[in-house]
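Peer 1: My questions will all concern the structure given below.
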Amino acid sequence: MQQIINFILRYKITLLYLLLLTISLAFTVQSHSYHRSRYFNSANWLSGSIYNTMDDVSNYFSLGEINRELLEENRRLRSLLYNTEVKDSIELDTAALNYSLLSARIIKNSYSNQDNYITINKGENQGVEQDMGVITALGILGIVEKTSNNYAAVQSILNTKSNINAKIKGTDNFGSLKWNTKRFDEVQLEDIPRLVKLLVGDTIVTGARSSIFPENVPIGTIKKFDLNTSQSFYNIDVQLFNDMTNLKNVYIINNPNRAEILELENDLDNDR
Amino acid sequence: MTGSRYFINILRFTLLVLVQVLVFNRLNFFGFINPMIYILFLYWYPIKENRAVFIGIGFLLGFVIDIFSDTLALHAAATVSIAYLRPTIMRFVFGINYEFQSFKLSNTTRAQQITFLALLIVAHHMIFFTLEIFSLPNLLVILKKVIFTGIGTLILCLLFSSLFSVQKE
């Protein structure tokens with residue numbers, strides 16, 4: 001007994017170090033799985049409000065550019081609006097709407113790590129929940145992973161854990177969108193069969209299989225493609241429409257039918 | 001005297017964390033270089049202090065940075081390791097001198113200070129990027145990141161340490 005106590009006293013520094021190292025390694029391993037820690041992310045109130053204050057200040061320096069972008073988006077949407085045939089009376093029924101949108105602002109962006117997370121200034125109080133899709137005017141951005149009262153952490157498409165259903169525009173050939181961590185302006189589309197005819201410059205959009213994003217949200221264009229090692233599927237490099245280094249205003253997409261879709265799919269899995 | 005020492009360390013801790021997360025984490029020089037200047041805290045921290053407290057503070061510093069940058073416990077693991085290794089590194093750099101009661105960082109030569117800082121940075125970055133990337137096939141990526149980020153961190157730390165020099169004589 002005396003010897004054990006002596007041992008502990010003698011190596012107390014090393015033991016303390018090993019304890020703290022184990023704690024941090026445990027967190028690291030845990031964060032590699034899908035469900036991350038509830039409180040220890042940048043969406044908590046302290047880091048959230050510090051980033052928010054900082055963003056309020058730095059926002060003043062880019063107001064002109066943001067205005068120009070919004071004006072451009074309005075112009076595009078208005079030209080769509082005026083070119084559709086409008087019937088005499090439109091029945092508006094909010095229950096029939098498939099998707100609802102919230103706007104938010106990015107207060108912390110990141111793109112140089114392996115697993116990038118973006119913090120936005122809307123949270124549970126504004127109706128943001130886990131697994132909502134996040135897009136910009138140009139294309140998709142990621143999926144909400146954690147929320148706090150007023151902030152949310154978004155798993156960017158520049159994240160090794162990201163996996164989004166995507167297809168080639170105008171066809172129904174879908175694959176999964178991943179990131180190989182090499183470049184922050186490119187993502188990879190996998191599992192497109194070799195029968196499909198591809199051209200460099202083809203547009204990639206989100207697929208219909210996802211219950212998070214609506215169909216046909218733009219992602220990017222094909223930059224380069226080749227066959228994988230088994231020669232049966234393509235590996236496609238997709239050039240993103242979004243400049244991931246320069247983002248400000250985003251939209252959060254809520255699909256009220258998602259719970260129903262998930263329930264149905266779970267039933268199918270259980271029956272098997 | 002002790003009161004002001006606590007105060008200066010708390011101030012240093014807060015300022016370094018804020019500067020790190022608000023400025024240097026979004027620098028992305030050449031697309032990937034984010035210098036980690038908060039290592040300076042471990043460089044400046046008094047030498048004749050309780051080691052257990054020092055390791056605890058190292059862990060806390062890394063953990064706060066982790067929360068801000070969503071890299072849970074990568075910074076904490078790296079920082080707590082260099083906090084633990086610091087006496088070994090100091091013995092290696094300053095030799096037996098460092099054991100003396102009158103030893104002060106400001107009394108050592110410039111070359112010794114730079115070597116000490118560089119060793120801290122290399123050890124920190126090695127652990128950080130190995131844990132972040134965590135795959136052997138990407139060894140070259142790890143080395144590239146360690147070398148370039150390390151150089152960036154070293155240059156900025158040297159600038160900061162000469163700006164906010166501790167020597168008052």
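In the structure tokens, the first chain shown is A, the next is B, and so on; residue numbers restart at 1 for each chain, and ligands run from 1 in the order shown.
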Taking only C-alpha atoms into account and nothing else, which residues of chain B lie no more than 6 Å away from chain A? Please answer as number ranges by chain.

Peer 2: B: 32, 52, 67-68, 70, 72-73, 77

Peer 1: Set the distance at 7 Å and use only C-alpha atoms: which residues neighbour stretch 117-134 of chain B once local chain neighbours fewer than 4 positions away are removed? I'd like the list as a PyMOL selection string.

Peer 2: (chain A and resi 114) or (chain B and resi 43+74-75+78-79+82+113+142+146+150+154)

Peer 1: Go through B:Thr88, B:Ser81, B:Asn34, B:Thr71 and flag the residue nearest B:Ile55, using only C-alpha atoms for the distances.

Peer 2: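 Using only C-alpha atoms, B:Ile55 sits closest to B:Ser81.
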
Peer 1: Would you pick out the contacts of B:Leu61 at 8 Å or less, using only C-alpha atoms, so that residues sharing its chain but fewer than 2 positions from it are not included, and give the list as a PyMOL selection string?

Peer 2: chain B and resi 13+17+57-59+63-65+76+79

Peer 1: Just how far from atom CA of A:Asp172 is atom CA of A:Leu227, in Å to one decimal?

Peer 2: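 Going from atom CA of A:Leu227 over to atom CA of A:Asp172 covers 19.3 Å.
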
Peer 1: Kindly give the distance, in Å, that separates atom CA of A:Asn228 and atom CA of A:Glu190, rounded to a single decimal.

Peer 2: 9.0 Å

Peer 1: Going by DSSP on the backbone, which residues of stretch 42-157 of chain B come out as alpha helix (DSSP H)? List them as a count of residues only.

Peer 2: 86
